[in-house]
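So this one's model.cif, mmCIF, C-alpha atoms and all ligand atoms:
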```
data_final
loop_
_atom_site.label_atom_id
_atom_site.label_comp_id
_atom_site.auth_asym_id
_atom_site.auth_seq_id
_atom_site.Cartn_x
_atom_site.Cartn_y
_atom_site.Cartn_z
CA MET G 774 0.00 0.00 0.00
CA ALA G 775 1.27 3.46 -0.85
CA VAL G 776 -0.28 5.91 1.61
CA GLY G 777 0.33 9.53 2.47
CA ASP G 778 1.02 12.72 0.63
CA PRO G 779 -1.29 12.62 -2.40
CA ALA G 780 1.22 14.61 -4.43
CA ARG G 781 3.65 11.70 -4.24
CA THR G 782 1.25 8.84 -4.84
CA LEU G 783 -1.01 10.63 -7.31
CA GLY G 784 1.33 10.13 -10.26
CA ALA G 785 1.76 6.39 -9.67
CA ALA G 786 -1.94 5.85 -9.01
CA GLY G 787 -2.72 7.86 -12.15
CA GLN G 788 -0.43 5.67 -14.23
CA THR G 789 -2.11 2.53 -12.92
CA LEU G 790 -5.52 3.98 -13.72
CA GLY G 791 -4.40 5.17 -17.14
CA ALA G 792 -3.19 1.67 -18.06
CA ALA G 793 -6.37 -0.12 -16.98
CA ARG G 794 -8.61 -1.58 -19.65
CA ARG G 795 -11.57 -1.76 -17.28
CA ILE G 796 -12.26 0.35 -14.22
CA VAL G 797 -14.95 0.07 -11.57
CA VAL G 798 -15.64 3.16 -9.47
CA LEU G 799 -17.40 2.70 -6.13
CA THR G 800 -18.68 5.87 -4.47
CA GLY G 801 -20.17 6.76 -1.11
CA ALA G 802 -21.53 9.80 0.67
CA GLY G 803 -18.12 11.54 0.78
CA VAL G 804 -18.21 12.18 -2.98
CA SER G 805 -21.19 14.50 -2.39
CA ALA G 806 -19.85 16.16 0.76
CA GLU G 807 -18.41 19.07 -1.19
CA SER G 808 -21.82 19.60 -2.78
CA GLY G 809 -23.08 20.34 0.74
CA ILE G 810 -24.78 16.96 1.28
CA ALA G 811 -24.16 15.56 4.75
CA THR G 812 -22.50 12.15 5.08
CA PHE G 813 -23.95 9.57 7.47
CA ARG G 814 -21.27 8.78 10.01
CA ASP G 815 -19.44 12.06 10.57
CA ALA G 816 -19.52 12.42 14.36
CA LEU G 817 -20.55 16.09 14.34
CA SER G 818 -22.24 16.88 11.04
CA GLY G 819 -23.37 13.43 9.89
CA LEU G 820 -27.00 12.56 9.26
CA TRP G 821 -26.82 10.13 12.14
CA ALA G 822 -25.15 12.47 14.62
CA ASN G 823 -28.62 13.34 15.96
CA PHE G 824 -30.89 10.53 14.75
CA SER G 825 -30.55 6.79 15.10
CA PRO G 826 -30.31 4.70 11.94
CA GLN G 827 -32.76 2.22 13.51
CA GLN G 828 -35.38 5.00 13.71
CA LEU G 829 -34.84 6.39 10.22
CA ALA G 830 -33.37 3.69 8.02
CA THR G 831 -35.34 0.55 8.81
CA GLU G 832 -38.84 -0.57 7.83
CA GLU G 833 -39.58 -1.02 11.54
CA GLY G 834 -38.67 2.63 12.22
CA PHE G 835 -40.87 3.76 9.31
CA ARG G 836 -43.84 1.72 10.51
CA SER G 837 -43.55 3.10 14.04
CA ASP G 838 -43.54 6.76 12.88
CA PRO G 839 -44.17 7.05 9.12
CA ALA G 840 -44.63 10.84 9.16
CA LEU G 841 -41.33 11.46 10.95
CA VAL G 842 -39.40 9.27 8.50
CA TRP G 843 -41.18 10.60 5.40
CA ASN G 844 -40.49 14.21 6.46
CA TRP G 845 -36.84 13.43 7.19
CA TYR G 846 -36.41 12.07 3.67
CA LYS G 847 -38.41 14.96 2.23
CA GLU G 848 -36.06 17.50 3.87
CA ARG G 849 -33.03 15.67 2.48
CA ARG G 850 -34.68 15.47 -0.94
CA ILE G 851 -35.23 19.23 -0.99
CA ARG G 852 -31.63 19.90 0.06
CA ILE G 853 -30.35 17.53 -2.62
CA ALA G 854 -32.49 19.19 -5.29
CA ALA G 855 -30.91 22.53 -4.39
CA ALA G 856 -27.36 21.11 -4.44
CA ARG G 857 -25.07 20.96 -7.46
CA PRO G 858 -22.71 18.19 -8.57
CA ASN G 859 -19.10 19.01 -7.68
CA ALA G 860 -15.82 18.59 -9.56
CA ALA G 861 -15.57 14.91 -8.56
CA HIS G 862 -19.02 14.07 -9.97
CA GLU G 863 -18.12 15.93 -13.16
CA ALA G 864 -14.76 14.21 -13.63
CA LEU G 865 -16.35 10.79 -12.98
CA ALA G 866 -19.15 11.51 -15.46
CA ARG G 867 -16.51 12.13 -18.15
CA LEU G 868 -14.68 8.92 -17.19
CA ALA G 869 -17.85 6.83 -17.18
CA HIS G 870 -18.81 8.10 -20.61
CA GLY G 871 -16.52 5.54 -22.14
CA PRO G 872 -17.30 1.82 -22.17
CA ARG G 873 -14.31 0.94 -19.98
CA ALA G 874 -15.47 2.47 -16.70
CA GLN G 875 -18.49 1.47 -14.63
CA LEU G 876 -19.78 3.75 -11.89
CA VAL G 877 -21.38 2.05 -8.87
CA THR G 878 -22.79 4.24 -6.10
CA GLN G 879 -24.26 3.72 -2.66
CA ASN G 880 -25.62 7.26 -2.85
CA VAL G 881 -29.30 7.96 -3.29
CA ASP G 882 -28.80 11.61 -4.31
CA GLY G 883 -28.63 11.23 -8.11
CA LEU G 884 -25.74 13.71 -8.35
CA HIS G 885 -23.65 11.44 -10.59
CA GLN G 886 -26.50 11.43 -13.11
CA ARG G 887 -27.04 15.18 -12.78
CA ALA G 888 -23.33 15.62 -13.61
CA GLY G 889 -24.03 13.76 -16.87
CA ALA G 890 -23.10 10.18 -15.98
CA SER G 891 -25.17 7.50 -17.67
CA ARG G 892 -25.24 3.80 -16.75
CA VAL G 893 -24.87 4.52 -13.01
CA ILE G 894 -25.53 1.47 -10.83
CA GLU G 895 -27.48 2.61 -7.76
CA LEU G 896 -27.08 0.04 -4.98
CA HIS G 897 -29.24 1.76 -2.35
CA GLY G 898 -32.02 3.23 -4.50
CA ASN G 899 -32.86 6.87 -5.17
CA ILE G 900 -34.35 9.40 -2.78
CA GLY G 901 -36.33 11.06 -5.59
CA ARG G 902 -38.54 8.00 -6.01
CA ALA G 903 -41.30 6.63 -3.81
CA LYS G 904 -42.64 3.08 -3.79
CA CYS G 905 -45.44 1.13 -2.19
CA LEU G 906 -44.77 -0.12 1.35
CA ALA G 907 -46.99 -3.12 0.61
CA LEU G 908 -44.82 -3.89 -2.44
CA CYS G 909 -47.74 -3.92 -4.90
CA GLY G 910 -45.23 -2.88 -7.55
CA TRP G 911 -46.04 0.83 -7.81
CA MET G 912 -43.21 3.32 -7.85
CA GLY G 913 -42.92 6.91 -9.06
CA PRO G 914 -41.46 10.33 -8.39
CA ALA G 915 -41.95 11.30 -4.72
CA GLU G 916 -42.57 14.94 -5.55
CA THR G 917 -45.38 14.16 -8.01
CA LEU G 918 -47.02 11.87 -5.47
CA GLU G 919 -46.88 14.59 -2.80
CA ALA G 920 -48.49 17.05 -5.22
CA GLN G 921 -51.38 14.60 -5.73
CA ASP G 922 -51.85 13.52 -2.11
CA ALA G 923 -51.25 15.92 0.79
CA ARG G 924 -51.27 13.20 3.45
CA VAL G 925 -47.95 12.50 5.18
CA PRO G 926 -46.84 10.06 3.96
CA PRO G 927 -48.93 10.04 0.79
CA ARG G 928 -50.62 6.77 -0.14
CA CYS G 929 -49.77 4.38 -2.95
CA PRO G 930 -51.98 5.42 -5.93
CA ALA G 931 -52.40 1.77 -6.93
CA CYS G 932 -53.43 0.10 -3.65
CA SER G 933 -53.71 2.85 -0.97
CA ALA G 934 -51.02 1.42 1.28
CA LEU G 935 -48.46 3.88 2.65
CA ALA G 936 -45.85 5.13 0.22
CA ARG G 937 -42.21 5.05 1.33
CA PRO G 938 -38.92 6.31 -0.11
CA ASP G 939 -37.43 3.96 -2.73
CA VAL G 940 -34.18 3.47 -0.83
CA VAL G 941 -32.63 0.37 0.73
CA TRP G 942 -32.97 0.29 4.49
CA PHE G 943 -31.05 -1.94 6.91
CA GLY G 944 -32.23 -5.53 6.76
CA GLU G 945 -33.44 -5.15 3.16
CA MET G 946 -32.02 -6.80 0.06
CA LEU G 947 -30.26 -4.62 -2.49
CA PRO G 948 -31.96 -4.47 -5.93
CA GLN G 949 -30.90 -7.74 -7.54
CA ALA G 950 -30.12 -6.39 -11.01
CA ALA G 951 -27.98 -3.59 -9.58
CA TRP G 952 -26.14 -6.00 -7.33
CA ASP G 953 -25.47 -8.49 -10.15
CA ALA G 954 -24.18 -5.71 -12.42
CA ALA G 955 -21.93 -4.33 -9.66
CA GLU G 956 -20.44 -7.76 -8.95
CA ALA G 957 -19.86 -8.35 -12.67
CA ALA G 958 -18.07 -5.00 -13.04
CA CYS G 959 -15.84 -5.81 -10.04
CA GLN G 960 -14.92 -9.21 -11.44
CA VAL G 961 -13.50 -7.82 -14.70
CA ALA G 962 -11.88 -4.58 -13.50
CA GLN G 963 -8.12 -4.05 -13.39
CA VAL G 964 -8.61 -1.00 -11.17
CA CYS G 965 -11.20 -0.43 -8.45
CA LEU G 966 -11.42 3.23 -7.47
CA VAL G 967 -13.17 3.68 -4.10
CA ILE G 968 -14.20 7.24 -3.26
CA GLY G 969 -15.77 8.69 -0.12
CA THR G 970 -17.13 5.67 1.69
CA SER G 971 -16.45 4.50 5.24
CA ALA G 972 -16.79 0.91 3.89
CA GLN G 973 -18.80 -0.17 6.91
CA VAL G 974 -22.10 -1.09 5.28
CA TYR G 975 -22.42 -4.50 3.70
CA PRO G 976 -22.79 -5.96 1.18
CA ALA G 977 -21.59 -2.83 -0.69
CA ALA G 978 -18.43 -2.64 1.44
CA GLY G 979 -17.40 -6.09 0.18
CA LEU G 980 -17.25 -5.06 -3.49
CA ALA G 981 -13.73 -3.60 -3.34
CA GLU G 982 -12.46 -6.83 -1.81
CA LEU G 983 -14.27 -8.82 -4.51
CA ALA G 984 -12.54 -6.73 -7.19
CA ARG G 985 -9.18 -7.16 -5.45
CA ARG G 986 -9.60 -10.95 -5.29
CA HIS G 987 -10.25 -10.89 -9.04
CA GLY G 988 -7.00 -9.06 -9.65
CA ALA G 989 -7.93 -5.39 -9.45
CA GLN G 990 -5.64 -2.82 -7.88
CA VAL G 991 -7.63 -0.79 -5.37
CA ILE G 992 -7.22 2.99 -5.17
CA VAL G 993 -8.88 4.66 -2.16
CA VAL G 994 -9.70 8.39 -2.10
CA ASN G 995 -10.74 9.54 1.36
CA PRO G 996 -9.63 12.17 3.88
CA GLU G 997 -9.95 9.57 6.67
CA ALA G 998 -8.69 6.03 7.19
CA THR G 999 -10.94 3.19 6.01
CA PRO G 1000 -10.89 -0.61 6.51
CA LEU G 1001 -9.89 -0.94 2.83
CA ASP G 1002 -6.63 0.97 3.19
CA ASP G 1003 -4.37 -1.90 4.26
CA ASP G 1004 -5.08 -3.93 1.14
CA ALA G 1005 -5.23 -1.00 -1.26
CA ALA G 1006 -2.51 -0.41 -3.85
CA TYR G 1007 -2.82 3.36 -3.33
CA VAL G 1008 -4.49 5.47 -0.67
CA LEU G 1009 -4.97 9.11 -1.55
CA ARG G 1010 -5.72 11.18 1.54
CA GLY G 1011 -7.85 14.17 0.70
CA THR G 1012 -11.21 15.22 -0.57
CA ALA G 1013 -12.97 13.94 -3.65
CA ALA G 1014 -13.54 17.28 -5.40
CA HIS G 1015 -9.84 18.03 -5.10
CA LEU G 1016 -8.27 14.62 -5.76
CA VAL G 1017 -10.56 12.91 -8.26
CA PRO G 1018 -10.05 15.47 -11.08
CA ALA G 1019 -6.31 15.48 -10.30
CA LEU G 1020 -6.14 11.68 -10.37
CA LEU G 1021 -8.06 11.38 -13.61
CA GLY G 1022 -5.89 14.14 -15.07
CA ALA G 1023 -2.76 12.21 -14.08
CA ALA G 1024 -4.30 9.13 -15.73
CA GLY G 1025 -4.98 11.03 -18.93
CA ARG G 1026 -8.71 10.22 -18.64
C1 LIG G 1101 -15.11 12.16 2.14
C2 LIG G 1101 -15.29 13.55 2.11
C3 LIG G 1101 -14.87 14.23 0.95
C4 LIG G 1101 -16.08 12.79 3.99
N1 LIG G 1101 -14.31 13.54 -0.06
N2 LIG G 1101 -14.54 11.52 1.14
C5 LIG G 1101 -22.03 -8.32 7.04
C6 LIG G 1101 -21.38 -7.96 8.20
C7 LIG G 1101 -21.99 -7.11 9.13
C8 LIG G 1101 -23.27 -6.62 8.91
C9 LIG G 1101 -23.92 -6.96 7.76
C10 LIG G 1101 -23.31 -7.80 6.84
N3 LIG G 1101 -24.15 -7.97 5.80
C11 LIG G 1101 -25.27 -7.25 6.03
C12 LIG G 1101 -25.17 -6.64 7.21
C13 LIG G 1101 -26.23 -5.76 7.85
C14 LIG G 1101 -26.25 -4.35 7.30
C15 LIG G 1101 -24.91 -3.70 7.59
O1 LIG G 1101 -24.05 -3.57 6.76
N4 LIG G 1101 -24.70 -3.24 8.81
C16 LIG G 1101 -23.43 -2.61 9.18
C17 LIG G 1101 -23.66 -1.13 9.48
C18 LIG G 1101 -22.82 -3.38 10.32
N5 LIG G 1101 -26.58 -4.35 5.88
C19 LIG G 1101 -27.83 -4.40 5.42
O2 LIG G 1101 -28.78 -4.49 6.16
C20 LIG G 1101 -28.01 -4.34 3.91
N6 LIG G 1101 -28.88 -5.38 3.46
C21 LIG G 1101 -28.54 -6.65 3.45
O3 LIG G 1101 -27.47 -7.02 3.85
O4 LIG G 1101 -29.50 -7.48 2.91
C22 LIG G 1101 -29.32 -8.88 3.04
C23 LIG G 1101 -30.11 -9.35 4.23
C24 LIG G 1101 -31.44 -9.07 4.31
C25 LIG G 1101 -32.18 -9.52 5.39
C26 LIG G 1101 -31.54 -10.20 6.42
C27 LIG G 1101 -30.19 -10.46 6.34
C28 LIG G 1101 -29.46 -10.03 5.22
C29 LIG G 1101 -28.69 -3.05 3.49
C30 LIG G 1101 -27.85 -1.86 3.75
C31 LIG G 1101 -28.61 -0.60 3.35
C32 LIG G 1101 -27.87 0.67 3.70
N7 LIG G 1101 -28.72 1.79 3.54
C33 LIG G 1101 -28.22 3.13 3.85
C34 LIG G 1101 -29.42 4.10 3.90
C35 LIG G 1101 -29.94 4.40 2.49
C36 LIG G 1101 -31.09 5.33 2.51
C37 LIG G 1101 -30.72 6.72 2.97
O5 LIG G 1101 -29.99 7.43 2.26
O6 LIG G 1101 -31.21 7.12 4.03
O7 LIG G 1101 -27.29 3.52 2.83
S1 LIG G 1101 -27.26 3.19 5.34
C38 LIG G 1101 -26.15 4.42 4.75
O8 LIG G 1101 -24.82 3.87 4.77
C39 LIG G 1101 -26.52 4.66 3.28
C40 LIG G 1101 -25.16 4.68 2.63
O9 LIG G 1101 -25.26 4.39 1.24
C41 LIG G 1101 -24.40 3.66 3.42
C42 LIG G 1101 -22.90 3.78 3.31
O10 LIG G 1101 -22.46 4.98 3.88
P1 LIG G 1101 -21.22 5.73 3.22
O11 LIG G 1101 -21.56 6.19 1.87
O12 LIG G 1101 -20.01 4.93 3.37
O13 LIG G 1101 -21.17 7.06 4.15
P2 LIG G 1101 -20.42 7.29 5.56
O14 LIG G 1101 -21.03 8.50 6.17
O15 LIG G 1101 -20.39 6.06 6.37
O16 LIG G 1101 -18.92 7.59 5.13
C43 LIG G 1101 -18.59 8.77 4.44
C44 LIG G 1101 -17.13 8.69 4.04
O17 LIG G 1101 -16.80 9.82 3.25
C45 LIG G 1101 -16.16 8.70 5.25
O18 LIG G 1101 -15.18 7.69 5.08
C46 LIG G 1101 -15.52 10.08 5.17
O19 LIG G 1101 -14.17 10.10 5.65
C47 LIG G 1101 -15.57 10.35 3.69
N8 LIG G 1101 -15.57 11.78 3.30
N9 LIG G 1101 -15.87 13.97 3.24
C48 LIG G 1101 -14.13 12.23 0.04
N10 LIG G 1101 -15.00 15.60 0.82
ZN ZN G 1102 -49.34 -0.26 -3.57
#
```
Please, can you express the file's structure as structure tokens?
Amino acid sequence: MAVGDPARTLGAAGQTLGAARRIVVLTGAGVSAESGIATFRDALSGLWANFSPQQLATEEGFRSDPALVWNWYKERRIRIAAARPNAAHEALARLAHGPRAQLVTQNVDGLHQRAGASRVIELHGNIGRAKCLALCGWMGPAETLEAQDARVPPRCPACSALARPDVVWFGEMLPQAAWDAAEAACQVAQVCLVIGTSAQVYPAAGLAELARRHGAQVIVVNPEATPLDDDAAYVLRGTAAHLVPALLGAAGR
């Protein structure tokens, strides 16, 4: 592992990235931090500094106070709508334009797509969508549903059960097609670029290790230490909006 001053490791990491035929990019909340979107586990400013994940990110929590959870997601949704993609999202959108790079995100904010990235694999859903709590199959834009039904939460237009955010809560399976595509991308990549995730939430946190076992060199971009660092080929300490454009520039991508 080459850790430390990004200026020293950036060139070598860039060369590795530049030489890769296939790249998988795994992103977490940190990639959106410089767009003003709070991460989850920051001790002071994180989304869970004041609320418990059990209360807000489980079906049980939603069922016990649906209005509280709906409104919490609505507030985040409004903040996300007002935010703008940052330099990291933009650089990654350019990279993922080509057929050789696959972007996989745990984020529900849609900022990769708003930066112009297509083919983004969303592992944990999207905060802009709602779906039926009773799983009748209905899903649609949360904002449109709210405009049609002022109740909090609004009801499913197909079966009248409660609507919920279309995100993956603890204890829930990830969308199968997204998971299969993410695993496939990890199995063929020569480089796995991991940006802005604490790598604590499974199964997403296992993808970098999967890629590594299949021969990928792992490059971590994060201002803080992560459990992936010891096995990474390069660890770039710093923020995504600063380092990602610099890294991709060094790679000639
Ligand atoms: C910067 C920066 C800057 C800051 N630039 N970087 C195996 C072992 C142990 C437990 C489990 C296991 N397998 C499954 C589990 C249980 C559970 C789990 O993982 N628990 C752990 C917490 C222990 N997993 C699940 O329940 C998953 N489902 C599942 O496994 O299904 C199978 C199953 C079903 C039924 C029974 C049994 C099995 C589902 C997980 C769903 C996670 N959902 C959330 C909420 C989404 C909705 C919402 O947005 O509200 O997804 S939780 C939350 O964490 C969110 C995130 O996507 C996810 C990851 O967080 P992330 O992105 O890493 O953010 P942070 O805040 O943790 O880190 C930010 C990082 O950025 C930090 O490192 C900073 O340093 C860095 N940073 N500024 C770059 N400027
Ligand atoms: Zn329904």
Separation of atom CA of Gly784 of chain G and atom CA of Arg1026 of chain G, in Å? 13.1 Å
Can you check which parts of chain G lie within 6 Å of ligand ZN 1102 (chain G)? Per residue, the shortest pair of atoms and distance in Å to one decimal, counting all atoms listed in the file, sorted by chain and number, as a Markdown table.
```
| residue | atom | partner | partner_atom | distance |
| --- | --- | --- | --- | --- |
| G:Cys905 | CA | G:ZN1102 | ZN | 4.4 |
| G:Ala907 | CA | G:ZN1102 | ZN | 5.6 |
| G:Leu908 | CA | G:ZN1102 | ZN | 5.9 |
| G:Cys909 | CA | G:ZN1102 | ZN | 4.2 |
| G:Trp911 | CA | G:ZN1102 | ZN | 5.5 |
| G:Cys929 | CA | G:ZN1102 | ZN | 4.7 |
| G:Ala931 | CA | G:ZN1102 | ZN | 5.0 |
| G:Cys932 | CA | G:ZN1102 | ZN | 4.1 |
| G:Ser933 | CA | G:ZN1102 | ZN | 6.0 |
| G:Ala934 | CA | G:ZN1102 | ZN | 5.4 |
```
Output the selection as a short mmCIF file (atom, residue, chain, number, x, y, z; two decimals), in the coordinates of the input - C-alpha atoms for each residue.
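The resulting file, again17.cif, is reproduced below:
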```
data_model
loop_
_atom_site.label_atom_id
_atom_site.label_comp_id
_atom_site.auth_asym_id
_atom_site.auth_seq_id
_atom_site.Cartn_x
_atom_site.Cartn_y
_atom_site.Cartn_z
CA CYS G 905 -45.44 1.13 -2.19
CA ALA G 907 -46.99 -3.12 0.61
CA LEU G 908 -44.82 -3.89 -2.44
CA CYS G 909 -47.74 -3.92 -4.90
CA TRP G 911 -46.04 0.83 -7.81
CA CYS G 929 -49.77 4.38 -2.95
CA ALA G 931 -52.40 1.77 -6.93
CA CYS G 932 -53.43 0.10 -3.65
CA SER G 933 -53.71 2.85 -0.97
CA ALA G 934 -51.02 1.42 1.28
#
```
Residue nearest Leu884 of chain G - candidates G:Ile810, G:Leu1020, G:Ala936, G:Val842, atoms counted: all atoms listed in the file: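 Selected residue with least distance to Leu884 of chain G: G:Ile810.
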Suppose you want the space between atom CA of Ala981 of chain G and atom CA of Gly801 of chain G; what is it in Å?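 If I compute the distance from atom CA of Ala981 of chain G to atom CA of Gly801 of chain G, I get 12.4 Å.
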To one decimal in Å, tell me the separation between atom CA of Ala1024 of chain G and atom CA of Leu868 of chain G. 10.5 Å
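The residue that comes closest to Ala972 of chain G, out of G:Leu1001, G:Val993, G:Ala951, G:Leu790 and on the basis of all atoms listed in the file, is G:Leu1001.
Residue nearest Val974 of chain G, chosen from G:Arg836, G:Arg887, G:His897, G:Lys847 and counting only C-alpha atoms: G:His897.
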Please list as JSON, numbers by chain every residue within 12 Å of Val877 of chain G, counting only C-alpha atoms and excluding residues in the same chain fewer than 3 positions away. {"G": [796, 797, 798, 799, 800, 801, 865, 866, 869, 874, 880, 881, 883, 885, 886, 890, 891, 892, 893, 894, 895, 896, 897, 898, 951, 952, 953, 954, 955, 956, 957, 958, 959, 965, 966, 967, 968, 970, 977, 978, 980, 981]}
Nearest to ligand LIG 1101 (chain G) among G:Pro858, G:Gly913, G:Gly1025, G:Gly979, with distances taken over only C-alpha atoms and all ligand atoms: which residue is it?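 Once distances to ligand LIG 1101 (chain G) are computed over only C-alpha atoms and all ligand atoms, the minimum belongs to G:Gly979.
Residues lying within 10 Å of segment 821-827 of chain G, counting all atoms listed in the file and ignoring same-chain neighbours fewer than 6 positions away, are Ala811, Thr812, Phe813, Arg814, Asp815, Glu833, Gly834, Phe835, Trp942 and Phe943 of chain G.
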Which of these residues is nearest to ligand LIG 1101 (chain G), using all atoms listed in the file: G:Ile851, G:Val994, G:Leu983, G:Ala780? G:Val994
Between G:Gln963, G:Asn844, G:Asn859, G:Ser808, which residue has the minimum interatomic distance to Arg873 of chain G, considering all atoms listed in the file? G:Gln963
Around the point (-37.8, 7.5, -8.3), in the coordinates given by the file, pick out the residues reaching within 8 Å, counting only C-alpha atoms, and return them as a VMD selection string. chain G and resid 899 to 904 912 to 915 939
Protein and nucleic acid residues near (-7.0, 10.5, 0.7) (cut-off 6 Å, only C-alpha atoms) as a PyMOL selection string: chain G and resi 994-996+1008-1011
Take the residues from that selection and put them in a file with C-alpha atoms, as a PDB file, in the coordinates of the input.
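Saved file result14.pdb follows:
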```pdb
ATOM      1  CA  VAL G 994      -9.700   8.390  -2.100  1.00  0.00           C
ATOM      2  CA  ASN G 995     -10.740   9.540   1.360  1.00  0.00           C
ATOM      3  CA  PRO G 996      -9.630  12.170   3.880  1.00  0.00           C
ATOM      4  CA  VAL G1008      -4.490   5.470  -0.670  1.00  0.00           C
ATOM      5  CA  LEU G1009      -4.970   9.110  -1.550  1.00  0.00           C
ATOM      6  CA  ARG G1010      -5.720  11.180   1.540  1.00  0.00           C
ATOM      7  CA  GLY G1011      -7.850  14.170   0.700  1.00  0.00           C
TER       8      GLY G1011
END
```
